[in-house]
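Visitor: Data: input.txt, compact mmCIF, C-alpha atoms.
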# COMPACT_ATOMS: atom_id res chain seq x y z
CA MET A 147 -6.68 -42.89 -38.80
CA PRO A 148 -8.79 -39.69 -38.20
CA GLU A 149 -7.73 -36.83 -35.96
CA LEU A 150 -7.45 -37.65 -32.25
CA TRP A 151 -7.94 -35.67 -29.07
CA ALA A 152 -6.03 -36.66 -25.92
CA GLY A 153 -7.13 -35.35 -22.54
CA THR A 154 -4.98 -35.66 -19.43
CA ASP A 155 -6.29 -35.46 -15.89
CA ALA A 156 -3.01 -34.47 -14.22
CA GLY A 157 -2.00 -35.37 -10.68
CA LYS A 158 1.07 -35.24 -8.47
CA GLY A 159 2.15 -38.86 -8.78
CA GLU A 160 0.09 -40.12 -11.71
CA HIS A 161 -1.82 -38.83 -14.73
CA HIS A 162 -4.78 -40.40 -16.51
CA CYS A 163 -4.90 -39.95 -20.28
CA THR A 164 -7.94 -40.66 -22.47
CA VAL A 165 -7.83 -40.47 -26.26
CA ILE A 166 -10.96 -40.05 -28.38
CA ASP A 167 -11.68 -39.74 -32.10
CA ALA A 168 -13.88 -37.30 -34.01
CA ASP A 169 -17.01 -39.20 -32.95
CA GLY A 170 -16.10 -39.08 -29.27
CA THR A 171 -15.27 -42.79 -29.16
CA LYS A 172 -12.50 -43.85 -26.77
CA ALA A 173 -9.39 -45.07 -28.50
CA LEU A 174 -7.19 -45.31 -25.40
CA SER A 175 -7.54 -44.84 -21.64
CA ARG A 176 -4.47 -45.25 -19.46
CA ARG A 177 -3.07 -44.24 -16.08
CA VAL A 178 0.65 -43.45 -16.17
CA PRO A 179 3.18 -42.46 -13.47
CA ASN A 180 4.42 -38.89 -13.54
CA SER A 181 7.92 -39.82 -14.75
CA GLU A 182 9.70 -39.12 -18.01
CA ASP A 183 10.08 -42.67 -19.33
CA GLU A 184 6.42 -43.60 -18.84
CA LEU A 185 5.19 -40.28 -20.24
CA LEU A 186 7.37 -40.62 -23.32
CA GLN A 187 6.00 -44.14 -23.80
CA LEU A 188 2.45 -42.77 -23.63
CA LEU A 189 3.31 -40.03 -26.11
CA GLY A 190 4.75 -42.55 -28.53
CA ASP A 191 1.75 -44.89 -28.20
CA VAL A 192 -0.73 -42.09 -28.92
CA LEU A 193 1.25 -40.89 -31.94
CA ASP A 194 1.42 -44.47 -33.22
CA LEU A 195 -2.32 -44.74 -32.73
CA ALA A 196 -2.80 -41.56 -34.77
CA ASP A 197 -0.64 -43.00 -37.58
CA GLY A 198 0.38 -39.61 -38.90
CA SER A 199 -2.91 -37.84 -38.26
CA PRO A 200 -2.91 -34.75 -36.02
CA VAL A 201 -3.33 -35.14 -32.28
CA THR A 202 -4.70 -32.35 -30.10
CA TRP A 203 -3.68 -32.58 -26.46
CA ALA A 204 -5.39 -30.96 -23.47
CA VAL A 205 -4.52 -30.83 -19.80
CA ASP A 206 -6.30 -29.46 -16.71
CA LEU A 207 -3.18 -28.02 -15.04
CA ASN A 208 -0.70 -25.54 -16.49
CA ALA A 209 1.96 -25.93 -13.79
CA GLY A 210 2.77 -28.01 -10.72
CA GLY A 211 2.45 -31.75 -11.26
CA ALA A 212 1.74 -31.28 -14.98
CA ALA A 213 4.91 -29.26 -15.68
CA LEU A 214 6.97 -32.24 -16.88
CA TRP A 215 4.19 -33.52 -19.12
CA ILE A 216 3.63 -30.06 -20.62
CA ALA A 217 7.37 -29.64 -21.27
CA LEU A 218 7.53 -33.01 -23.04
CA LEU A 219 4.54 -32.21 -25.26
CA VAL A 220 5.78 -28.72 -26.13
CA ASN A 221 9.32 -29.97 -26.82
CA HIS A 222 7.90 -32.56 -29.22
CA GLY A 223 5.94 -29.94 -31.12
CA GLN A 224 2.50 -31.12 -30.02
CA ARG A 225 -0.58 -28.90 -30.09
CA LEU A 226 -1.58 -28.45 -26.47
CA PHE A 227 -4.50 -26.66 -24.79
CA TYR A 228 -5.13 -25.81 -21.16
CA ILE A 229 -8.64 -26.39 -19.78
CA PRO A 230 -8.94 -25.16 -16.17
CA GLY A 231 -10.08 -27.63 -13.55
CA ARG A 232 -13.12 -25.49 -12.72
CA THR A 233 -14.24 -25.72 -16.35
CA VAL A 234 -13.80 -29.49 -16.30
CA HIS A 235 -15.79 -29.74 -13.06
CA HIS A 236 -18.73 -27.79 -14.43
CA ALA A 237 -18.65 -29.59 -17.78
CA SER A 238 -18.50 -33.07 -16.23
CA GLY A 239 -22.01 -32.61 -14.82
CA SER A 240 -23.43 -32.93 -18.33
CA TYR A 241 -21.72 -36.30 -18.95
CA ARG A 242 -23.49 -39.44 -17.84
CA GLY A 243 -21.97 -42.40 -16.02
CA ASP A 244 -18.70 -43.21 -14.23
CA GLY A 245 -19.48 -40.93 -11.27
CA LYS A 246 -16.40 -38.91 -10.38
CA SER A 247 -13.19 -40.55 -11.58
CA ASP A 248 -9.91 -39.62 -13.19
CA ALA A 249 -10.88 -41.58 -16.31
CA LYS A 250 -14.11 -39.59 -16.68
CA ASP A 251 -12.33 -36.28 -16.11
CA ALA A 252 -9.72 -37.17 -18.73
CA PHE A 253 -12.52 -38.02 -21.18
CA VAL A 254 -14.26 -34.70 -20.43
CA ILE A 255 -11.01 -32.82 -21.03
CA ALA A 256 -10.50 -34.54 -24.38
CA ASP A 257 -14.11 -33.99 -25.43
CA GLN A 258 -14.04 -30.32 -24.47
CA ALA A 259 -10.87 -29.87 -26.53
CA ARG A 260 -12.67 -31.57 -29.43
CA MET A 261 -15.75 -29.33 -29.29
CA ARG A 262 -14.57 -25.92 -28.10
CA ARG A 263 -13.03 -23.26 -30.30
CA ASP A 264 -12.21 -20.68 -27.64
CA LEU A 265 -9.24 -22.40 -26.00
CA GLN A 266 -5.81 -20.82 -25.98
CA PRO A 267 -2.86 -23.10 -26.81
CA LEU A 268 -0.10 -23.56 -24.26
CA GLN A 269 3.23 -22.40 -25.60
CA GLU A 270 6.78 -22.71 -24.40
CA THR A 271 7.45 -20.13 -21.69
CA SER A 272 10.73 -18.24 -21.70
CA GLU A 273 13.29 -19.04 -19.04
CA ILE A 274 13.15 -15.47 -17.75
CA ALA A 275 9.36 -15.62 -17.31
CA VAL A 276 9.60 -18.91 -15.43
CA ASP A 277 12.35 -17.55 -13.17
CA LEU A 278 10.32 -14.41 -12.45
CA LYS A 279 7.24 -16.48 -11.65
CA ILE A 280 9.25 -18.47 -9.13
CA LEU A 281 10.94 -15.41 -7.61
CA THR A 282 7.80 -13.25 -7.39
CA GLY A 283 5.91 -16.17 -5.89
CA ARG A 284 8.60 -16.56 -3.27
CA ARG A 285 8.49 -12.84 -2.54
CA MET A 286 4.73 -12.99 -2.01
CA ASP A 287 5.20 -15.87 0.44
CA LEU A 288 7.90 -13.97 2.33
CA SER A 289 5.74 -10.86 2.51
CA ALA A 290 2.83 -12.88 3.86
CA ASP A 291 5.12 -14.52 6.44
CA ARG A 292 6.41 -11.11 7.46
CA THR A 293 2.90 -9.74 7.92
CA ARG A 294 1.92 -12.72 10.06
CA ALA A 295 5.08 -12.42 12.17
CA ILE A 296 4.55 -8.70 12.78
CA ASN A 297 0.91 -9.23 13.73
CA ARG A 298 1.95 -11.94 16.16
CA LEU A 299 4.73 -9.73 17.53
CA ARG A 300 2.36 -6.83 18.19
CA SER A 301 -0.23 -9.12 19.73
CA GLN A 302 2.38 -10.61 22.04
CA ILE A 303 3.68 -7.22 23.19
CA LEU A 304 0.13 -5.99 23.74
CA GLU A 305 -0.50 -8.79 26.23
CA TYR A 306 2.14 -7.64 28.73
CA PHE A 307 3.45 -4.20 27.63
CA PRO A 308 0.74 -2.21 25.77
CA ALA A 309 2.58 1.12 26.04
CA LEU A 310 5.52 -0.26 24.03
CA GLU A 311 3.16 -1.75 21.44
CA ARG A 312 1.75 1.74 20.85
CA ALA A 313 5.15 3.43 20.76
CA PHE A 314 6.34 2.13 17.36
CA ASP A 315 5.12 1.06 13.94
CA TYR A 316 6.80 -2.33 13.80
CA SER A 317 5.91 -2.90 10.13
CA THR A 318 8.14 -0.01 9.01
CA SER A 319 10.60 0.66 11.87
CA LYS A 320 13.78 -1.39 11.75
CA THR A 321 14.95 0.50 14.83
CA ALA A 322 12.03 -0.87 16.85
CA LEU A 323 12.89 -4.42 15.81
CA ILE A 324 16.54 -3.91 16.79
CA LEU A 325 15.35 -2.61 20.15
CA LEU A 326 13.27 -5.75 20.77
CA THR A 327 16.22 -8.03 20.11
CA GLY A 328 17.85 -6.61 23.25
CA TYR A 329 15.16 -5.19 25.52
CA GLN A 330 11.54 -6.30 25.78
CA THR A 331 10.30 -5.52 29.33
CA PRO A 332 9.57 -2.28 31.22
CA ALA A 333 12.07 -3.08 33.96
CA ALA A 334 14.91 -3.77 31.52
CA LEU A 335 14.26 -0.52 29.66
CA ARG A 336 14.16 1.51 32.87
CA ARG A 337 17.44 -0.02 34.06
CA ILE A 338 19.40 0.86 30.95
CA GLY A 339 18.00 4.38 30.65
CA ARG A 340 17.74 6.70 27.67
CA ALA A 341 21.40 7.58 27.11
CA ARG A 342 22.82 4.05 27.32
CA LEU A 343 19.93 2.65 25.25
CA ALA A 344 20.56 5.21 22.51
CA THR A 345 24.24 4.22 22.45
CA TRP A 346 23.32 0.51 22.37
CA LEU A 347 20.94 1.06 19.45
CA LYS A 348 23.57 3.00 17.49
CA ASN A 349 26.12 0.22 18.06
CA HIS A 350 23.62 -2.40 16.87
CA GLY A 351 22.80 -1.00 13.46
CA VAL A 352 20.59 2.09 13.88
CA ARG A 353 21.67 4.53 11.18
CA THR A 354 22.00 7.81 13.08
CA LEU A 355 22.35 8.84 16.70
CA ASN A 356 19.30 11.12 16.44
CA VAL A 357 17.11 8.19 15.38
CA ALA A 358 18.57 6.10 18.20
CA LYS A 359 17.90 8.84 20.76
CA SER A 360 14.32 9.28 19.58
CA ALA A 361 13.63 5.54 19.78
CA ALA A 362 15.29 5.26 23.19
CA ASP A 363 13.22 8.13 24.53
CA ALA A 364 9.96 6.58 23.25
CA ALA A 365 10.83 3.16 24.68
CA VAL A 366 11.90 4.38 28.13
CA THR A 367 8.87 6.70 28.33
CA ALA A 368 6.66 3.68 27.68
CA ALA A 369 8.54 1.73 30.38
CA GLU A 370 8.09 4.52 32.92
CA ALA A 371 4.33 4.32 32.35
CA GLN A 372 4.08 0.69 33.52
CA PHE A 373 5.41 -0.90 36.72
CA THR A 374 3.01 -3.82 36.95
CA VAL A 375 4.39 -7.21 35.93
CA VAL A 376 1.79 -9.12 33.93
CA PRO A 377 1.73 -12.93 34.40
CA GLY A 378 3.65 -14.68 31.66
CA GLN A 379 5.85 -11.66 30.95
CA LYS A 380 9.13 -13.59 30.99
CA THR A 381 7.99 -16.15 28.41
CA ALA A 382 6.25 -13.49 26.31
CA ALA A 383 9.45 -11.41 26.25
CA LYS A 384 11.42 -14.39 24.93
CA MET A 385 8.79 -14.87 22.23
CA VAL A 386 9.01 -11.18 21.27
CA HIS A 387 12.79 -11.49 20.98
CA THR A 388 12.40 -14.49 18.67
CA LEU A 389 9.73 -12.82 16.54
CA ALA A 390 11.76 -9.62 16.16
CA ARG A 391 14.73 -11.60 14.89
CA GLU A 392 12.41 -13.54 12.56
CA VAL A 393 11.04 -10.33 11.02
CA MET A 394 14.55 -8.96 10.53
CA ALA A 395 15.63 -12.18 8.84
CA LEU A 396 12.59 -12.01 6.58
CA ASP A 397 13.41 -8.39 5.71
CA GLU A 398 16.91 -9.45 4.68
CA GLU A 399 15.62 -12.32 2.55
CA ILE A 400 13.01 -10.08 0.92
CA ALA A 401 15.74 -7.57 0.04
CA GLN A 402 17.85 -10.34 -1.50
CA THR A 403 14.86 -11.65 -3.45
CA ASN A 404 14.07 -8.15 -4.69
CA ALA A 405 17.59 -7.84 -6.02
CA LEU A 406 17.28 -11.16 -7.84
CA ILE A 407 13.93 -10.14 -9.32
CA GLU A 408 15.22 -6.78 -10.52
CA GLY A 409 18.33 -8.31 -12.08
CA ARG A 410 16.41 -11.08 -13.86
CA PHE A 411 13.65 -8.73 -15.03
CA ARG A 412 16.18 -6.37 -16.59
CA GLU A 413 17.35 -9.24 -18.81
CA HIS A 414 13.94 -9.44 -20.47
CA PRO A 415 13.85 -7.79 -23.93
CA ASP A 416 10.71 -5.77 -23.05
CA ALA A 417 11.91 -4.57 -19.65
CA GLU A 418 12.73 -1.05 -20.80
CA VAL A 419 9.44 -0.71 -22.65
CA ILE A 420 7.40 -1.91 -19.66
CA THR A 421 9.13 0.25 -17.03
CA ASN A 422 8.96 3.30 -19.28
CA MET A 423 5.20 3.21 -18.72
CA PRO A 424 4.42 5.60 -15.82
CA GLY A 425 3.58 3.75 -12.62
CA ILE A 426 5.39 0.52 -13.48
CA GLY A 427 8.73 -0.18 -11.86
CA ASP A 428 10.89 -3.28 -11.79
CA MET A 429 8.70 -5.12 -9.24
CA LEU A 430 5.38 -4.56 -11.00
CA GLY A 431 7.05 -5.17 -14.35
CA ALA A 432 8.35 -8.50 -13.08
CA GLU A 433 4.83 -9.35 -11.84
CA PHE A 434 3.51 -8.61 -15.34
CA ILE A 435 6.04 -10.90 -17.03
CA ALA A 436 5.46 -13.63 -14.43
CA ALA A 437 1.68 -13.50 -14.89
CA THR A 438 1.64 -13.31 -18.69
CA GLY A 439 4.74 -15.28 -19.63
CA GLY A 440 6.00 -12.20 -21.45
CA ASP A 441 4.42 -13.34 -24.73
CA MET A 442 1.55 -11.09 -25.87
CA ALA A 443 0.93 -13.30 -28.90
CA ALA A 444 -0.42 -15.98 -26.58
CA PHE A 445 -3.37 -13.71 -25.76
CA GLY A 446 -4.13 -12.64 -29.31
CA SER A 447 -5.58 -9.24 -28.43
CA PRO A 448 -5.62 -6.66 -25.62
CA ASP A 449 -9.27 -7.54 -25.00
CA ARG A 450 -8.30 -11.12 -24.24
CA LEU A 451 -5.55 -9.93 -21.87
CA ALA A 452 -8.06 -7.59 -20.18
CA GLY A 453 -10.38 -10.55 -19.64
CA VAL A 454 -7.59 -12.57 -18.04
CA ALA A 455 -6.71 -9.57 -15.84
CA GLY A 456 -10.32 -9.13 -14.69
CA LEU A 457 -10.53 -5.69 -16.33
CA ALA A 458 -13.14 -6.63 -18.94
CA PRO A 459 -16.59 -6.85 -17.30
CA VAL A 460 -18.96 -9.54 -18.53
CA PRO A 461 -22.78 -9.28 -18.68
CA ARG A 462 -24.94 -10.91 -16.03
CA ASP A 463 -28.30 -10.40 -17.73
CA SER A 464 -31.42 -12.35 -16.89
CA GLY A 465 -35.02 -11.87 -18.01
CA LYS A 466 -35.86 -8.18 -18.11
CA ILE A 467 -32.58 -7.23 -16.43
CA SER A 468 -29.95 -6.09 -18.93
CA GLY A 469 -26.75 -4.09 -18.80
CA ASN A 470 -25.75 -5.76 -15.55
CA LEU A 471 -21.95 -5.99 -15.83
CA ARG A 472 -19.74 -7.84 -13.37
CA ARG A 473 -16.12 -8.85 -13.10
CA PRO A 474 -15.60 -12.39 -14.46
CA ARG A 475 -15.45 -15.17 -11.90
CA ARG A 476 -12.11 -16.42 -13.16
CA TYR A 477 -9.25 -13.97 -13.61
CA SER A 478 -5.63 -13.48 -12.60
CA ARG A 479 -5.62 -11.61 -9.30
CA ARG A 480 -1.89 -10.99 -9.57
CA LEU A 481 -2.38 -9.36 -12.97
CA LEU A 482 -5.30 -7.26 -11.73
CA ARG A 483 -3.26 -6.16 -8.72
CA MET A 484 -0.37 -5.16 -10.97
CA PHE A 485 -2.52 -2.99 -13.26
CA TYR A 486 -4.50 -1.49 -10.37
CA LEU A 487 -1.44 -0.49 -8.33
CA SER A 488 0.36 0.95 -11.35
CA ALA A 489 -2.77 2.95 -12.26
CA GLN A 490 -2.96 4.37 -8.74
CA VAL A 491 0.64 5.53 -8.95
CA ALA A 492 0.06 6.96 -12.42
CA THR A 493 -2.82 9.15 -11.21
CA VAL A 494 -0.22 11.08 -9.21
CA HIS A 495 2.84 11.04 -11.46
CA CYS A 496 1.47 10.87 -15.03
CA PRO A 497 -0.41 13.95 -16.38
CA GLN A 498 -2.32 11.92 -18.98
CA SER A 499 -3.43 9.34 -16.42
CA LYS A 500 -4.36 12.06 -13.93
CA THR A 501 -6.52 13.81 -16.54
CA PHE A 502 -8.27 10.57 -17.46
CA TYR A 503 -8.87 9.71 -13.80
CA GLN A 504 -10.30 13.15 -13.03
CA ARG A 505 -12.61 12.90 -16.05
CA LYS A 506 -13.99 9.60 -14.76
CA ARG A 507 -14.52 11.06 -11.29
CA ALA A 508 -16.38 13.99 -12.88
CA GLU A 509 -18.63 11.45 -14.60
CA GLY A 510 -19.69 10.19 -11.17
CA LYS A 511 -17.37 7.20 -10.88
CA SER A 512 -16.02 6.23 -7.48
CA HIS A 513 -12.27 6.22 -6.84
CA LYS A 514 -12.07 2.46 -7.36
CA GLN A 515 -14.15 2.56 -10.54
CA ALA A 516 -12.07 5.40 -11.96
CA VAL A 517 -8.79 3.59 -11.20
CA LEU A 518 -10.10 0.39 -12.80
CA ALA A 519 -11.17 2.31 -15.90
CA LEU A 520 -7.72 3.87 -16.05
CA ALA A 521 -6.10 0.46 -15.59
CA ARG A 522 -8.11 -0.87 -18.53
CA ARG A 523 -7.02 2.04 -20.71
CA ARG A 524 -3.40 1.67 -19.68
CA LEU A 525 -3.53 -2.03 -20.55
CA ASN A 526 -4.30 -1.05 -24.15
CA VAL A 527 -1.40 1.37 -24.13
CA LEU A 528 1.04 -1.18 -22.71
CA TRP A 529 -0.11 -3.75 -25.27
CA ALA A 530 0.61 -1.31 -28.11
CA LEU A 531 4.00 -0.36 -26.69
CA ILE A 532 5.12 -3.97 -26.38
CA ARG A 533 3.71 -4.82 -29.81
CA ASP A 534 5.60 -1.96 -31.47
CA HIS A 535 8.54 -2.14 -29.07
CA ARG A 536 8.52 1.58 -28.41
CA THR A 537 8.58 3.65 -25.26
CA PHE A 538 5.78 5.69 -23.74
CA GLU A 539 5.65 9.31 -24.91
CA THR A 540 4.56 11.63 -22.15
CA THR A 541 3.76 14.42 -24.63
CA ALA A 542 1.24 12.35 -26.57
CA PRO A 543 -2.47 12.66 -25.67
CA PHE A 544 -3.38 9.72 -23.47
CA PRO A 545 -6.55 8.62 -25.33
CA ALA A 546 -4.74 8.61 -28.67
CA ALA A 547 -1.90 6.53 -27.24
CA ALA A 548 -4.40 4.10 -25.78
CA ALA A 549 -6.10 3.61 -29.12
CA ALA A 550 -2.83 2.68 -30.81
So, in terms of C-alpha cells, how does the structure I just supplied come out?
Guide:
Amino acid sequence: MPELWAGTDAGKGEHHCTVIDADGTKALSRRVPNSEDELLQLLGDVLDLADGSPVTWAVDLNAGGAALWIALLVNHGQRLFYIPGRTVHHASGSYRGDGKSDAKDAFVIADQARMRRDLQPLQETSEIAVDLKILTGRRMDLSADRTRAINRLRSQILEYFPALERAFDYSTSKTALILLTGYQTPAALRRIGRARLATWLKNHGVRTLNVAKSAADAAVTAAEAQFTVVPGQKTAAKMVHTLAREVMALDEEIAQTNALIEGRFREHPDAEVITNMPGIGDMLGAEFIAATGGDMAAFGSPDRLAGVAGLAPVPRDSGKISGNLRRPRRYSRRLLRMFYLSAQVATVHCPQSKTFYQRKRAEGKSHKQAVLALARRRLNVLWALIRDHRTFETTAPFPAAAAA
C-alpha cells in the first residue's frame, strides 16, 4: 500500500477523518465521536489500511476539542501536522463539489498535507508548558474581568456621586475599594467624618494610618461638595458595594494565580536563561513558554519564530509597487505582546537595548517602530541564549550578541 495522508476536521463532539493516497484518491472517510475508544479504533483502521506504509496525519485544531486526538496520535508516534482553520477555509475554495461539509474540509486538510512542504509538525508539549498556558490564560481572563468590573464601578459611581468618582484611581487604589465596601453615599461619608473614617479604614486593612487619613479626607471632601440625592442612589450604592468586593476578590485570585505561574515557570529548565534577559521577568517568561511550548526546535530557526510572533514583515507588492512590507495577517498576539513589552522595559534598564533604540530613533523611526525593531533583535538574542543555554552578558556589544 502506498503512503497515506489522513486529514481530520476536528469538532467538539465529533471529528471527520478522510484518508487519501498519493494520487488524491479517497481511501476512507468516516465521522467518529470524540472519545478515546472510537478514536483508537479509527487509528487502528487507518494503520491497517496503510499496511506498514507511512501515514501522515493533519488536523485543523491544535487544542480544544482536538486535544485528545492529538495526544493519541503523538503518543503512538504518528507524524502529525497542524493546518490552521483559516488556511483550510481559503484552500477549500479551489476544490470543486460537496459545498461546505466536514467531509470536504477533512479531504482538503489531507490534500494540503500531501502537497505542502512548509508545515510544521506538532510535537508533544511539556507538562510545564501546558500548565503555563492554562495559568496564563486564566490570568488574562481574570485581568479582563477586573478591567470590566472597574469600568462598571466607575460608571456606576459617576451616575450619582461624580465627586467621589474623581477622587480616586480605582484601578490601583486598594484603599478606595475598601472604602466602597463600607461607605458609598455622600450622606454616609459626612455622618462618619474624617477621623472616624480614617480609623475604620485602618481597621479594615489599609496599611498605614497616614494613607487612611488621606483617603478619608479625599472622600469626605467629595461628600461635602454634594448634597443633592440623585434618583436611584440607594440601588446604585448597593451595586457599587458589590462591584468593589468583586474587584477585591479578583485581585486576590490574580495574586494567587501569579504565585502559581511564578512557581511553575521556575521549574522550567530554561527559566534562568530567559529571565536573565533584560526586560523579561517571571510573568513575561511564562507567557513566552506558554506561547512557544518551550521547544525552540519546533520552530527550526529564529526567523520562523519571528514570523509566528509577527516581528517578521512580509511583502505586499503588486504591479509597480514594491518594498511594501506589512505585518503578517496571522501571528501570535500573545508572543508579540511579550516581546514588545520586554523591549520597552529594556530601553530603560539595558544599556545595549537603549543604544539600539536610540540609533533607530535617530534613523527616523517612530517610537513604536524602534521598539519593534529592538524586539526583533532581542528575539535573535534570546534564541541564541536558549540554544546555547547561557545567560545574557551585559558587557557584550548588543549587535554581536544578537548575531550569535
Visitor: In Å, how far is it from CA of Glu370 (chain A) to CA of Pro332 (chain A)?
Guide: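 Atom-to-atom, CA of Glu370 (chain A) and CA of Pro332 (chain A) are spaced 7.2 Å apart.
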Visitor: Between A:Ser240, A:Ser199, A:Thr493, A:Ser272, single out the one closest to His414 (chain A), counting all atoms listed in the file.
Guide: A:Ser272
Visitor: Any idea what the distance is between CA of Ile407 (chain A) and CA of Gly427 (chain A)?
Guide: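 Interatomic distance, CA of Ile407 (chain A) to CA of Gly427 (chain A): 11.5 Å.
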Visitor: Counting only C-alpha atoms, which residue out of A:Leu195, A:Ala368, A:Val352, A:Ala252 sits closest to His161 (chain A)?
Guide: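 The closest residue to His161 (chain A) is A:Ala252.
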Visitor: Between A:Ile274, A:Ala209, A:Ala395, A:Leu218, which residue has the minimum interatomic distance to Gly190 (chain A), considering all atoms listed in the file?
Guide: A:Leu218
Visitor: Counting only C-alpha atoms, what are the residues of region 360-390 of chain A within 6 Å of region 292-309 of chain A, and for each of them which pair of atoms is the nearest and at what distance in Å, to one decimal? Sort the table by chain and rising number, as JSON lines.
Guide:
{"residue": "A:Ala368", "atom": "CA", "partner": "A:Ala309", "partner_atom": "CA", "distance": 5.1}
{"residue": "A:Val376", "atom": "CA", "partner": "A:Tyr306", "partner_atom": "CA", "distance": 5.4}
{"residue": "A:Gln379", "atom": "CA", "partner": "A:Tyr306", "partner_atom": "CA", "distance": 5.9}
{"residue": "A:Val386", "atom": "CA", "partner": "A:Leu299", "partner_atom": "CA", "distance": 5.9}
{"residue": "A:Leu389", "atom": "CA", "partner": "A:Leu299", "partner_atom": "CA", "distance": 6.0}
Visitor: What lies within 7 Å of Asn526 (chain A) using only C-alpha atoms, ignoring chain neighbours under 3 positions off, as a PyMOL selection string?
Guide: chain A and resi 448+522-523+529-530+548
Visitor: Using only C-alpha atoms, find the one residue out of A:Ala382, A:Leu323, A:Leu265, A:Ala156 that sits nearest to Ile229 (chain A).
Guide: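 Using only C-alpha atoms, the shortest distance to Ile229 (chain A) belongs to A:Leu265.
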Visitor: Which of these residues is nearest to Ala405 (chain A), using all atoms listed in the file: A:Leu281, A:Ala341, A:Cys496, A:Ile426?
Guide: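 Checking each candidate against Ala405 (chain A), we get A:Leu281 as the closest.
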Visitor: In Å to one decimal, how far is CA of Arg533 (chain A) from CA of Ala213 (chain A)?
Guide: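 For CA of Ala213 (chain A) relative to CA of Arg533 (chain A), the distance reads 28.3 Å.
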